[in-house]
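**Q** Structure file protein25.csv (CSV, C-alpha atoms and all ligand atoms) right here:
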chain,number,residue,atom,x,y,z
A,1,MET,CA,4.1,8.8,24.8
A,2,GLN,CA,3.9,11.1,21.8
A,3,VAL,CA,1.0,10.7,19.4
A,4,LEU,CA,0.4,12.5,16.1
A,5,VAL,CA,-3.3,13.3,15.8
A,6,CYS,CA,-4.9,14.3,12.5
A,7,ALA,CA,-7.3,16.7,14.2
A,8,ALA,CA,-9.1,17.9,11.1
A,9,PRO,CA,-8.3,18.0,7.3
A,10,GLY,CA,-4.9,19.6,6.9
A,11,GLU,CA,-4.2,19.7,10.6
A,12,MET,CA,-1.8,17.5,12.5
A,13,THR,CA,-0.9,18.0,16.1
A,14,LEU,CA,1.6,16.2,18.4
A,15,GLU,CA,0.0,15.2,21.7
A,16,GLU,CA,1.2,13.5,24.9
A,17,THR,CA,-0.8,10.5,26.1
A,18,ASP,CA,-0.4,7.6,28.4
A,19,THR,CA,1.4,4.5,26.9
A,20,PRO,CA,-1.3,1.9,26.3
A,21,GLN,CA,-1.4,-1.4,28.1
A,22,CYS,CA,-2.0,-4.7,26.3
A,23,GLY,CA,-4.5,-7.3,27.4
A,24,PRO,CA,-4.9,-11.0,26.6
A,25,GLY,CA,-4.2,-11.8,23.0
A,26,GLN,CA,-2.6,-8.5,22.4
A,27,ALA,CA,1.0,-7.2,22.1
A,28,LEU,CA,2.5,-3.8,22.7
A,29,LEU,CA,4.5,-2.6,19.7
A,30,ARG,CA,7.2,0.1,19.9
A,31,ILE,CA,6.6,1.7,16.5
A,32,HIS,CA,9.7,2.1,14.4
A,33,CYS,CA,8.4,3.0,10.9
A,34,VAL,CA,5.2,4.2,9.4
A,35,GLY,CA,4.8,4.4,5.6
A,36,ILE,CA,2.6,7.1,4.3
A,37,CYS,CA,0.2,6.1,1.5
A,38,GLY,CA,-2.7,7.4,-0.6
A,39,THR,CA,-5.2,6.6,2.2
A,40,ASP,CA,-3.3,8.8,4.6
A,41,ILE,CA,-2.9,11.6,2.0
A,42,HIS,CA,-6.7,11.5,1.3
A,43,ALA,CA,-7.5,11.5,5.0
A,44,TYR,CA,-5.2,14.4,5.6
A,45,GLY,CA,-6.7,16.2,2.6
A,46,GLY,CA,-10.3,15.6,3.7
A,47,ARG,CA,-11.1,13.4,0.7
A,48,GLN,CA,-11.3,10.0,2.4
A,49,PRO,CA,-14.9,8.7,2.4
A,50,TYR,CA,-16.3,7.4,5.8
A,51,PHE,CA,-13.4,9.1,7.7
A,52,SER,CA,-13.9,10.9,11.0
A,53,TYR,CA,-11.7,13.3,12.9
A,54,PRO,CA,-9.8,13.4,15.2
A,55,ARG,CA,-7.9,10.2,14.1
A,56,VAL,CA,-4.4,8.9,14.5
A,57,LEU,CA,-3.3,7.8,11.0
A,58,GLY,CA,-0.8,5.1,10.1
A,59,HIS,CA,-1.5,1.6,8.9
A,60,GLU,CA,1.8,0.7,7.2
A,61,LEU,CA,3.5,-0.2,10.5
A,62,SER,CA,6.6,-1.9,11.8
A,63,GLY,CA,8.0,-2.1,15.3
A,64,GLU,CA,9.5,-4.1,18.1
A,65,VAL,CA,7.3,-6.2,20.4
A,66,VAL,CA,8.0,-4.9,23.9
A,67,ALA,CA,5.2,-6.6,25.9
A,68,THR,CA,2.5,-9.2,25.5
A,69,GLY,CA,-0.8,-9.7,27.4
A,70,ASP,CA,-0.2,-13.4,28.0
A,71,ASP,CA,2.9,-15.0,29.4
A,72,GLY,CA,2.4,-17.7,26.7
A,73,ASP,CA,3.3,-15.1,24.0
A,74,ALA,CA,6.4,-13.8,25.8
A,75,ALA,CA,8.7,-15.3,23.1
A,76,LEU,CA,7.4,-12.5,20.8
A,77,VAL,CA,9.1,-9.9,23.0
A,78,GLY,CA,12.1,-8.4,21.3
A,79,GLN,CA,11.0,-9.5,17.8
A,80,ARG,CA,10.6,-7.2,14.8
A,81,ALA,CA,7.2,-7.3,13.2
A,82,TYR,CA,4.7,-5.6,10.9
A,83,VAL,CA,1.0,-5.4,11.4
A,84,ILE,CA,-1.8,-6.6,9.2
A,85,PRO,CA,-4.0,-3.6,9.7
A,86,TYR,CA,-7.3,-5.3,8.5
A,87,LEU,CA,-9.4,-6.3,11.5
A,88,HIS,CA,-12.0,-8.6,10.1
A,89,CYS,CA,-15.0,-10.0,12.0
A,90,GLY,CA,-14.5,-13.7,11.2
A,91,LYS,CA,-18.2,-14.3,11.1
A,92,CYS,CA,-19.7,-12.7,8.0
A,93,ASN,CA,-20.2,-14.5,4.8
A,94,ALA,CA,-17.1,-12.9,3.2
A,95,CYS,CA,-14.9,-13.9,6.2
A,96,GLN,CA,-16.4,-17.4,6.2
A,97,ARG,CA,-15.3,-17.8,2.6
A,98,GLY,CA,-11.8,-16.6,3.4
A,99,ARG,CA,-12.4,-13.2,1.9
A,100,THR,CA,-11.3,-11.4,5.0
A,101,ASN,CA,-10.1,-8.4,2.9
A,102,CYS,CA,-13.7,-7.4,2.1
A,103,CYS,CA,-15.3,-8.3,5.4
A,104,GLN,CA,-18.7,-6.7,5.8
A,105,SER,CA,-17.7,-5.0,9.0
A,106,LEU,CA,-14.0,-4.5,8.3
A,107,GLU,CA,-12.1,-2.1,10.6
A,108,VAL,CA,-8.8,-0.9,9.4
A,109,ILE,CA,-6.2,0.3,11.9
A,110,GLY,CA,-5.3,3.9,11.1
A,111,VAL,CA,-8.6,4.4,9.2
A,112,HIS,CA,-11.6,3.3,11.3
A,113,ARG,CA,-9.6,3.2,14.5
A,114,ASP,CA,-6.5,4.9,15.7
A,115,GLY,CA,-3.3,3.8,14.0
A,116,GLY,CA,0.4,3.8,14.4
A,117,MET,CA,1.6,7.4,14.3
A,118,ALA,CA,2.5,7.1,17.9
A,119,GLU,CA,5.4,5.8,19.9
A,120,TYR,CA,3.5,2.7,21.0
A,121,LEU,CA,0.5,0.8,19.7
A,122,VAL,CA,-1.5,-2.2,21.1
A,123,VAL,CA,-2.3,-4.7,18.3
A,124,PRO,CA,-3.9,-8.2,18.3
A,125,ILE,CA,-1.2,-10.9,18.1
A,126,THR,CA,-3.2,-12.6,15.3
A,127,HIS,CA,-2.4,-9.6,13.1
A,128,LEU,CA,1.3,-9.4,13.9
A,129,VAL,CA,3.9,-10.9,11.5
A,130,THR,CA,7.5,-11.3,12.7
A,131,SER,CA,10.6,-11.5,10.5
A,132,GLU,CA,14.2,-12.2,11.6
A,133,THR,CA,15.8,-10.8,8.4
A,134,LEU,CA,13.8,-7.8,7.2
A,135,SER,CA,14.6,-4.3,8.4
A,136,PHE,CA,12.0,-2.1,10.0
A,137,GLU,CA,11.7,-0.1,6.8
A,138,GLN,CA,11.1,-3.2,4.7
A,139,LEU,CA,8.5,-4.5,7.2
A,140,ALA,CA,6.6,-1.2,6.9
A,141,LEU,CA,6.5,-1.6,3.1
A,142,VAL,CA,4.8,-5.1,3.2
A,143,GLU,CA,1.3,-3.8,3.4
A,144,CYS,CA,1.6,-1.5,0.4
A,145,LEU,CA,3.0,-4.3,-1.7
A,146,ALA,CA,0.4,-6.8,-0.4
A,147,ILE,CA,-2.3,-4.6,-2.0
A,148,GLY,CA,-0.5,-5.3,-5.3
A,149,ALA,CA,-0.1,-9.0,-4.6
A,150,HIS,CA,-3.8,-9.3,-3.9
A,151,ALA,CA,-4.6,-7.5,-7.2
A,152,ILE,CA,-2.3,-9.9,-9.1
A,153,ARG,CA,-3.9,-12.9,-7.4
A,154,ARG,CA,-7.4,-11.6,-8.3
A,155,SER,CA,-6.2,-11.5,-12.0
A,156,ARG,CA,-4.9,-15.1,-12.0
A,157,LEU,CA,-1.8,-13.8,-13.8
A,158,GLU,CA,0.2,-16.3,-15.8
A,159,THR,CA,3.8,-16.3,-16.8
A,160,GLY,CA,4.5,-14.5,-20.1
A,161,GLU,CA,1.2,-12.5,-20.1
A,162,ARG,CA,1.2,-8.9,-21.1
A,163,VAL,CA,0.3,-6.6,-18.4
A,164,VAL,CA,-0.5,-2.8,-18.4
A,165,VAL,CA,-0.4,-1.0,-15.1
A,166,ALA,CA,-2.0,2.5,-15.2
A,167,GLY,CA,-0.6,4.7,-12.5
A,168,ALA,CA,3.0,4.8,-11.2
A,169,GLY,CA,2.4,5.6,-7.6
A,170,PRO,CA,3.5,3.1,-4.8
A,171,ILE,CA,0.6,0.8,-5.5
A,172,GLY,CA,1.2,0.7,-9.2
A,173,MET,CA,4.9,0.2,-8.7
A,174,GLY,CA,4.0,-2.7,-6.4
A,175,VAL,CA,1.7,-4.3,-9.0
A,176,ALA,CA,4.4,-3.8,-11.7
A,177,GLN,CA,7.2,-5.4,-9.7
A,178,LEU,CA,5.1,-8.3,-8.5
A,179,ALA,CA,3.9,-9.0,-12.0
A,180,ARG,CA,7.5,-9.0,-13.2
A,181,ALA,CA,8.4,-11.4,-10.4
A,182,GLN,CA,5.7,-13.7,-11.8
A,183,GLY,CA,7.2,-13.6,-15.2
A,184,ALA,CA,4.8,-11.2,-16.9
A,185,GLN,CA,5.8,-8.6,-19.5
A,186,VAL,CA,4.9,-5.2,-18.0
A,187,MET,CA,4.2,-1.7,-19.3
A,188,VAL,CA,3.5,1.1,-16.9
A,189,LEU,CA,1.6,4.2,-17.8
A,190,ASP,CA,1.7,7.6,-16.0
A,191,ASN,CA,2.1,11.3,-16.7
A,192,HIS,CA,5.1,11.8,-14.4
A,193,ASP,CA,8.5,11.4,-16.0
A,194,GLY,CA,10.4,10.9,-12.7
A,195,ARG,CA,8.1,8.0,-11.6
A,196,LEU,CA,8.3,6.4,-15.1
A,197,ALA,CA,12.1,6.7,-15.0
A,198,PHE,CA,12.1,4.9,-11.7
A,199,CYS,CA,9.9,2.1,-13.1
A,200,ARG,CA,12.3,1.7,-16.1
A,201,ASP,CA,15.5,1.9,-14.2
A,202,SER,CA,14.7,0.1,-10.9
A,203,LEU,CA,11.8,-2.2,-11.9
A,204,GLY,CA,13.0,-3.0,-15.4
A,205,VAL,CA,9.6,-2.5,-17.0
A,206,GLU,CA,8.5,-0.7,-20.2
A,207,THR,CA,6.9,2.7,-19.7
A,208,PHE,CA,4.8,5.2,-21.6
A,209,ASN,CA,4.0,8.8,-20.7
A,210,VAL,CA,0.3,9.3,-21.5
A,211,THR,CA,0.8,13.0,-22.2
A,212,GLU,CA,3.2,12.2,-25.0
A,213,GLY,CA,0.9,10.3,-27.4
A,214,ASP,CA,-1.9,7.8,-27.7
A,215,SER,CA,-1.9,5.1,-25.0
A,216,VAL,CA,-3.8,2.6,-27.2
A,217,GLU,CA,-1.2,3.0,-29.9
A,218,ALA,CA,1.6,2.5,-27.4
A,219,ILE,CA,0.0,-0.6,-26.0
A,220,THR,CA,-0.7,-2.0,-29.5
A,221,ALA,CA,3.0,-1.8,-30.2
A,222,PHE,CA,3.9,-3.2,-26.8
A,223,SER,CA,1.6,-6.2,-27.3
A,224,GLU,CA,2.2,-6.7,-31.0
A,225,GLY,CA,-1.4,-5.8,-31.7
A,226,ALA,CA,-3.1,-8.2,-29.2
A,227,MET,CA,-3.5,-5.5,-26.4
A,228,ALA,CA,-3.1,-6.4,-22.7
A,229,ASP,CA,-4.0,-9.7,-21.2
A,230,VAL,CA,-4.4,-7.9,-17.9
A,231,VAL,CA,-4.9,-4.2,-17.1
A,232,PHE,CA,-4.5,-3.0,-13.6
A,233,ASP,CA,-5.7,0.5,-12.7
A,234,ALA,CA,-3.9,2.2,-9.8
A,235,THR,CA,-4.5,5.8,-10.9
A,236,GLY,CA,-7.2,6.9,-8.5
A,237,ASN,CA,-8.6,8.9,-11.4
A,238,PRO,CA,-12.1,8.3,-12.8
A,239,GLN,CA,-11.3,9.3,-16.4
A,240,ALA,CA,-8.2,7.0,-16.4
A,241,MET,CA,-10.3,4.2,-15.0
A,242,ASN,CA,-12.9,4.6,-17.8
A,243,ARG,CA,-10.1,4.7,-20.4
A,244,GLY,CA,-8.5,1.5,-19.1
A,245,PHE,CA,-11.2,-0.7,-20.7
A,246,ASP,CA,-9.7,0.2,-24.1
A,247,PHE,CA,-6.3,-1.3,-23.1
A,248,ALA,CA,-7.4,-4.9,-22.6
A,249,GLY,CA,-7.4,-7.4,-25.5
A,250,HIS,CA,-10.0,-10.1,-26.4
A,251,GLY,CA,-10.5,-12.4,-23.4
A,252,GLY,CA,-8.6,-9.9,-21.2
A,253,ARG,CA,-9.1,-8.9,-17.5
A,254,TYR,CA,-9.4,-5.5,-16.0
A,255,VAL,CA,-8.6,-5.1,-12.3
A,256,LEU,CA,-9.6,-1.9,-10.5
A,257,VAL,CA,-7.2,-1.4,-7.6
A,258,SER,CA,-8.1,2.2,-7.3
A,259,VAL,CA,-11.2,3.4,-5.5
A,260,VAL,CA,-12.8,6.8,-6.4
A,261,ARG,CA,-16.0,8.6,-5.5
A,262,ALA,CA,-17.4,8.4,-9.0
A,263,ASP,CA,-19.3,6.1,-11.4
A,264,ILE,CA,-17.1,4.1,-13.8
A,265,THR,CA,-18.7,3.5,-17.2
A,266,PHE,CA,-17.9,1.4,-20.3
A,267,ASN,CA,-19.3,0.7,-23.7
A,268,ASP,CA,-21.1,-2.6,-23.5
A,269,PRO,CA,-20.6,-3.8,-27.1
A,270,ASP,CA,-16.9,-3.2,-26.7
A,271,PHE,CA,-16.9,-5.0,-23.4
A,272,HIS,CA,-19.0,-7.9,-24.7
A,273,LYS,CA,-17.2,-8.4,-27.9
A,274,ARG,CA,-13.9,-8.9,-26.1
A,275,GLU,CA,-15.6,-10.9,-23.2
A,276,LEU,CA,-13.7,-8.9,-20.6
A,277,THR,CA,-13.5,-9.8,-17.0
A,278,LEU,CA,-13.9,-6.9,-14.6
A,279,LEU,CA,-12.5,-7.3,-11.1
A,280,GLY,CA,-12.4,-5.1,-8.0
A,281,SER,CA,-9.4,-5.6,-5.7
A,282,ARG,CA,-9.7,-4.4,-2.1
A,283,ASN,CA,-7.0,-4.6,0.6
A,284,ALA,CA,-5.3,-7.9,1.0
A,285,THR,CA,-5.5,-11.2,2.9
A,286,ARG,CA,-2.8,-13.0,4.9
A,287,GLU,CA,-1.7,-15.1,2.0
A,288,ASP,CA,-0.9,-11.9,0.0
A,289,PHE,CA,1.1,-10.6,2.9
A,290,ASP,CA,2.9,-14.0,3.1
A,291,MET,CA,3.7,-13.9,-0.6
A,292,VAL,CA,5.2,-10.4,-0.3
A,293,THR,CA,7.2,-11.3,2.8
A,294,GLY,CA,8.6,-14.3,1.1
A,295,LEU,CA,9.7,-12.4,-2.0
A,296,MET,CA,11.1,-9.6,0.1
A,297,GLU,CA,13.1,-12.0,2.2
A,298,ALA,CA,14.4,-13.7,-1.0
A,299,GLY,CA,15.6,-10.2,-2.3
A,300,LYS,CA,13.3,-10.4,-5.3
A,301,LEU,CA,11.7,-7.0,-4.9
A,302,HIS,CA,12.9,-3.4,-5.2
A,303,GLU,CA,10.9,-2.1,-2.3
A,304,ARG,CA,13.5,0.1,-0.5
A,305,ALA,CA,14.2,2.2,-3.5
A,306,MET,CA,10.6,3.4,-3.4
A,307,ILE,CA,11.3,5.3,-0.2
A,308,THR,CA,12.2,8.8,-1.3
A,309,HIS,CA,11.5,10.8,1.9
A,310,ARG,CA,12.1,10.2,5.6
A,311,ALA,CA,11.2,12.3,8.6
A,312,PRO,CA,10.8,11.9,12.4
A,313,LEU,CA,7.3,12.0,13.9
A,314,THR,CA,7.9,15.5,15.3
A,315,ASP,CA,8.4,16.9,11.8
A,316,MET,CA,5.1,15.5,10.4
A,317,PRO,CA,2.9,18.5,11.3
A,318,THR,CA,4.9,20.7,9.0
A,319,ILE,CA,6.1,18.1,6.4
A,320,MET,CA,2.9,16.2,5.7
A,321,ALA,CA,1.5,18.8,3.3
A,322,GLN,CA,4.8,18.5,1.2
A,323,TRP,CA,4.5,14.7,1.2
A,324,CYS,CA,1.1,15.0,-0.4
A,325,GLU,CA,2.5,16.9,-3.4
A,326,PRO,CA,3.7,14.6,-6.2
A,327,SER,CA,5.7,17.6,-7.6
A,328,THR,CA,8.1,17.3,-4.6
A,329,GLY,CA,9.2,13.9,-6.1
A,330,VAL,CA,7.8,11.9,-3.3
A,331,ILE,CA,7.0,8.3,-4.1
A,332,LYS,CA,6.9,6.8,-0.6
A,333,GLY,CA,7.4,8.9,2.6
A,334,MET,CA,8.5,7.0,5.7
A,335,VAL,CA,8.1,8.3,9.2
A,336,ARG,CA,11.0,7.0,11.3
A,337,LEU,CA,10.4,7.0,15.0
A,338,VAL,CA,13.5,5.0,15.8
A,339,ASP,CA,16.4,4.4,13.4
A,340,ASP,CA,17.7,0.9,12.7
A,341,ALA,CA,20.5,1.3,15.3
A,342,GLY,CA,17.7,1.7,17.9
A,343,THR,CA,18.4,5.4,18.4
A,344,ASP,CA,15.4,7.6,19.1
A,345,THR,CA,14.7,9.9,16.2
A,346,ARG,CA,12.2,12.2,17.8
A,347,THR,CA,14.4,15.2,17.3
A,348,PRO,CA,15.1,16.2,13.7
A,349,GLU,CA,18.9,16.5,14.4
A,350,ALA,CA,19.0,12.8,15.2
A,351,LEU,CA,18.1,11.8,11.6
A,352,HIS,CA,20.8,11.6,9.0
A,353,GLU,CA,19.6,9.9,5.9
B,1,ZN,ZN,-1.6,1.9,2.7
B,2,ZN,ZN,-16.3,-10.4,8.3
Mind converting the file's structure to structure tokens?
Ligand SMILES: [Zn+2]
Ligand SMILES: [Zn+2]

**A**
Amino acid sequence: MQVLVCAAPGEMTLEETDTPQCGPGQALLRIHCVGICGTDIHAYGGRQPYFSYPRVLGHELSGEVVATGDDGDAALVGQRAYVIPYLHCGKCNACQRGRTNCCQSLEVIGVHRDGGMAEYLVVPITHLVTSETLSFEQLALVECLAIGAHAIRRSRLETGERVVVAGAGPIGMGVAQLARAQGAQVMVLDNHDGRLAFCRDSLGVETFNVTEGDSVEAITAFSEGAMADVVFDATGNPQAMNRGFDFAGHGGRYVLVSVVRADITFNDPDFHKRELTLLGSRNATREDFDMVTGLMEAGKLHERAMITHRAPLTDMPTIMAQWCEPSTGVIKGMVRLVDDAGTDTRTPEALHE
């Protein structure tokens, strides 16, 4: 089978390897779609902490089950599925309390071990979720949105609350649409007009371009002086993360979805006076995945419009660098190994989208 290996920062190569075999408790997935996200972009760019090369990327995965290790799981064969890429230990204190997303020895498929940029991948059946109605592209978007669902669950968001989302990348867009789906009033901040236009037109939220004025003034107007009940940071930018403390009102919450290699600082009297609650939000748990799957199946999300670029696996060695450039207008790039009609898309000519 073909595998796309990230051999070193900035270097992707196609290799030919044996198709893996699945053992007990495992399934063999024929990969259809792989979403590209910030983690992949940082790994490709050499900016992902704790990352080692060579590595097969790809953790936003969908595919068809083509084999199972146990006969008892044979009913899964032929089903469409996505993969929960977070392999938790089940034994540590975090896992015991249901916090599998921040397991002390978490292994993420496509980060700590080889991922789905390959024609086939063996996955634990416990981490496979099937759907009869969602397309392979939709299934490959669940993980990205589950990150947002987890952040929203962390914030204990209530209907009618005023939410500010800093950062209009795929994660911020996920947070914004899930907050809307929960009945919140949402304003998205970014410096990219194209992405803000998408948020306004497709997600129906208010927007503000941070290069065109003072964000605090914009949020003051949006919130009729109260400031935000909940601020979500999805910028990946330390200065923006520091700035986000100013956006929350008295009694507000601030959820850091981004992770950066930097110290985040805040003014304690300002923090104390408003009695802010600061929350980290890492990955997602199964209930976040279930929530997104349910909303997607009910047609309540705008996930497919986030896909701006598609390419077959064979194009990735040349195209990946472009997909890392926001100036190319990319929101979500999707690697298509097989199209929805089941046709192999390994040759560029086979892809017409
Ligand atoms: Zn991701
Ligand atoms: Zn654990």

**Q** Calculated over all atoms listed in the file, which of the candidates A:Gly225, A:Pro312, A:Gly116, A:Gly25 has the smallest distance to Gly72 in chain A?

**A**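 Closest candidate: A:Gly25.
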
**Q** Taking only C-alpha atoms and all ligand atoms into account, which residues have an atom no farther than 12 Å from ligand ZN 1 (chain B)? I'd like them as an MDAnalysis selection string.

**A** chainID A and resid 34:43 57:61 83:86 108:111 115 140:148 169:171 174 258 282:284 332:334

**Q** Please check which protein, DNA or RNA residues sit within 7 Å of ligand ZN 2 (chain B), counting all atoms listed in the file, and write them as a compact mmCIF listing (two decimals) with C-alpha atoms, in the frame of the given file.

**A**
# COMPACT_ATOMS: atom_id res chain seq x y z
CA HIS A 88 -12.00 -8.60 10.10
CA CYS A 89 -15.00 -10.00 12.00
CA GLY A 90 -14.50 -13.70 11.20
CA LYS A 91 -18.20 -14.30 11.10
CA CYS A 92 -19.70 -12.70 8.00
CA ASN A 93 -20.20 -14.50 4.80
CA ALA A 94 -17.10 -12.90 3.20
CA CYS A 95 -14.90 -13.90 6.20
CA THR A 100 -11.30 -11.40 5.00
CA CYS A 103 -15.30 -8.30 5.40
CA GLN A 104 -18.70 -6.70 5.80
CA SER A 105 -17.70 -5.00 9.00
CA LEU A 106 -14.00 -4.50 8.30

**Q** For the point (-2.2, 9.0, -10.5) in the file's frame, write as a VMD selection string all residues with an atom no more than 12 Å away, counting only C-alpha atoms.

**A** chain A and resid 38 165 to 173 188 to 192 195 to 196 209 to 210 233 to 241 257 to 260 325 to 326 331

**Q** Pick the closest to Gln26 in chain A from A:Glu137, A:Glu287, A:Glu11, A:Asp70: which is it, counting only C-alpha atoms?

**A**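 Ranked by minimum distance to Gln26 in chain A, first place goes to A:Asp70.
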
**Q** Select, from A:Thr293, A:Thr17, A:Thr328, A:Ser62, the residue with the minimum atom-to-atom distance to His309 in chain A, counting only C-alpha atoms.

**A** A:Thr328

**Q** In Å, rounded to a single decimal, give me how far CA of Arg47 in chain A is from CA of Leu139 in chain A.

**A** 27.3 Å

**Q** Just checking: using all atoms listed in the file, which residue out of A:Thr130, A:Thr68, A:Gln138, A:Gln96 ends up closest to Ala305 in chain A?

**A**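 Comparing A:Thr130, A:Thr68, A:Gln138, A:Gln96 against Ala305 in chain A, the winner is A:Gln138.
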
**Q** For CA of Val216 in chain A and CA of Tyr254 in chain A, determine how far apart the two atoms are, in Å to one decimal place.

**A**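 These two atoms are separated by 14.9 Å.
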
**Q** Of the residues A:Val330, A:Asn242, A:Val175, A:Ala321, which is the one nearest to Asp263 in chain A, using all atoms listed in the file?

**A**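 Residue with the minimum atom-to-atom distance to Asp263 in chain A: A:Asn242.
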
**Q** Go through A:Gly183, A:Gly10, A:Cys324, A:Phe245 and flag the residue nearest Thr265 in chain A, using all atoms listed in the file for the distances.

**A**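 Between A:Gly183, A:Gly10, A:Cys324, A:Phe245, the residue approaching Thr265 in chain A most closely is A:Phe245.
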
**Q** Have a look at CA of Arg200 in chain A and CA of Val163 in chain A and let me know their distance in Å, one decimal.

**A**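 Going from CA of Arg200 in chain A over to CA of Val163 in chain A covers 14.8 Å.
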
**Q** Kindly extract all protein, DNA and RNA residues lying within 9 Å of the coordinates (-0.5, -5.4, 17.2) given in the file, considering all atoms listed in the file, and supply them as a ChimeraX atom specification.

**A** /A:26-29,65,81-85,121-128
